[in-house]
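Peer 1: Structure in structure tokens, see below.
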Amino acid sequence: EEYVDYESQNEEYETFVPRTEMMDVEYEYQAVDRKPFIAKLLTLGLVQDERYTKTCNKQVPVTKYDTVTRSRSVQRPVKKTRKAVRSKTVHDKKTRTKSVAETVQVRRTVEDFIPEARQQITAEIRASFKHS
């Protein structure tokens, strides 16, 4: 007899593991060197604010994903066979006959009615002779 059993098997699979690294990023921005208002006023506007581009380095966290192979235990169905002994009960069938009265329609041909019709006709003719 076949049956399904579950066996434990190891299965390997790949997954992504995140890791965070610090990365140096260089960026530029516009800076303004503001001069004192009094200096601007006394020089009649010859002294102006200075604009310049400044470059900076900054460390930024970056998430990278590594592919890692892992294994896990999995229950898998496996078909197996085994010997099975069962007792079987056999019952004898008994039949009963029962009489049932039913009306059944039977189709008969015209030839079946000819002798009966002759008898009725002859009986009517004889009856009419007796009365007259």
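Chain labels run A, B, ... following the order of the structure tokens; each chain numbers its residues from 1, and ligands are numbered from 1 in the order shown.
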Name all residues at most 7 Å from segment 81-89 of chain A (count only C-alpha atoms; drop same-chain ones fewer than 3 positions away) and give them as a compact mmCIF listing (two decimals) with N, CA and C atoms, in the first residue's frame.
Peer 2:
# COMPACT_ATOMS: atom_id res chain seq x y z
N GLU A 1 0.86 -1.17 0.00
CA GLU A 1 0.00 0.00 0.00
C GLU A 1 0.90 1.23 0.00
N GLU A 2 0.55 2.22 -0.81
CA GLU A 2 1.34 3.45 -0.88
C GLU A 2 0.87 4.44 0.18
N TYR A 3 1.82 5.18 0.71
CA TYR A 3 1.49 6.25 1.64
C TYR A 3 2.53 7.35 1.48
Peer 1: Please identify all polymer residues within 7 Å of segment 58-66 of chain A, counting only C-alpha atoms, omitting same-chain residues fewer than 6 positions from it, and present them as a list in words.
Peer 2: Phe16, Val17, Pro18, Arg19, Thr20, Glu21, Met22, Met23, Asp24, Val25 and Glu26 of chain A
Peer 1: Can you spit out the residues from that selection as a PDB file, in the first residue's frame, using C-alpha atoms?
Peer 2:
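Result written to out-v6.pdb:
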ATOM      1  CA  PHE A  16      20.745  39.208  -0.072  1.00  0.00           C
ATOM      2  CA  VAL A  17      22.314  40.539   3.129  1.00  0.00           C
ATOM      3  CA  PRO A  18      22.548  44.315   3.545  1.00  0.00           C
ATOM      4  CA  ARG A  19      25.737  45.972   4.766  1.00  0.00           C
ATOM      5  CA  THR A  20      26.396  49.658   5.375  1.00  0.00           C
ATOM      6  CA  GLU A  21      29.607  51.343   4.286  1.00  0.00           C
ATOM      7  CA  MET A  22      30.782  54.903   4.674  1.00  0.00           C
ATOM      8  CA  MET A  23      31.590  56.542   1.346  1.00  0.00           C
ATOM      9  CA  ASP A  24      33.458  59.837   0.755  1.00  0.00           C
ATOM     10  CA  VAL A  25      31.395  62.274  -1.321  1.00  0.00           C
ATOM     11  CA  GLU A  26      32.860  65.496  -2.665  1.00  0.00           C
TER      12      GLU A  26
END
Peer 1: Set the distance at 12 Å and use only C-alpha atoms: which residues neighbour segment 74-79 of chain A once local chain neighbours fewer than 2 positions away are removed? I'd like the list as a ChimeraX atom specification.
Peer 2: /A:1-13,71-72,81-82
Peer 1: Assign secondary structure with DSSP using the backbone only, and return the residues of chain A in strand (DSSP E) as a PyMOL selection string.
Peer 2: chain A and resi 2-33+50-81
Peer 1: For the contact check between segment 48-109 of chain A and segment 36-39 of chain A, emit one row per residue of segment 48-109 of chain A within 12 Å, containing the shortest atom pair and the distance in Å rounded to one decimal, counting only C-alpha atoms, chain then rising number order, as a Markdown table.
Peer 2:
| residue | atom | partner | partner_atom | distance |
| --- | --- | --- | --- | --- |
| A:Gln48 | CA | A:Ala39 | CA | 8.9 |
| A:Asp49 | CA | A:Pro36 | CA | 8.8 |
| A:Glu50 | CA | A:Pro36 | CA | 11.6 |
Peer 1: If you run DSSP on this backbone, which residues of chain A come out as alpha helix (DSSP H), and could you give them as a list of chain:residue names?
Peer 2: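 Answer for chain A restricted to alpha helix (DSSP H) is A:Phe37, A:Ile38, A:Ala39, A:Lys40, A:Leu41, A:Leu42, A:Ile114, A:Pro115, A:Glu116, A:Ala117, A:Arg118, A:Gln119, A:Gln120, A:Ile121, A:Thr122, A:Ala123, A:Glu124, A:Ile125, A:Arg126, A:Ala127, A:Ser128, A:Phe129, A:Lys130, A:His131.
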Peer 1: Rank A:Glu124, A:Glu28, A:Asp33, A:Asp92 by their smallest atom-to-atom distance to Thr53 of chain A, using only C-alpha atoms, and report the top residue only.
Peer 2: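 Distance minimum relative to Thr53 of chain A lands on A:Glu28.
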Peer 1: Could you tell me how far atom CA of Asn57 of chain A lies from atom CA of Ala31 of chain A, in Å and to one decimal?
Peer 2: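 According to the coordinates, atom CA of Asn57 of chain A and atom CA of Ala31 of chain A are separated by 15.3 Å.
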Peer 1: Find, counting only C-alpha atoms, the residue in A:Phe129, A:Val68, A:Tyr29, A:Ser73 that gets nearest to Arg51 of chain A.
Peer 2: A:Tyr29
Peer 1: Which value, in Å to one decimal, gives the distance between atom CA of Thr15 of chain A and atom CA of Thr69 of chain A?
Peer 2: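 These two atoms are separated by 6.5 Å.
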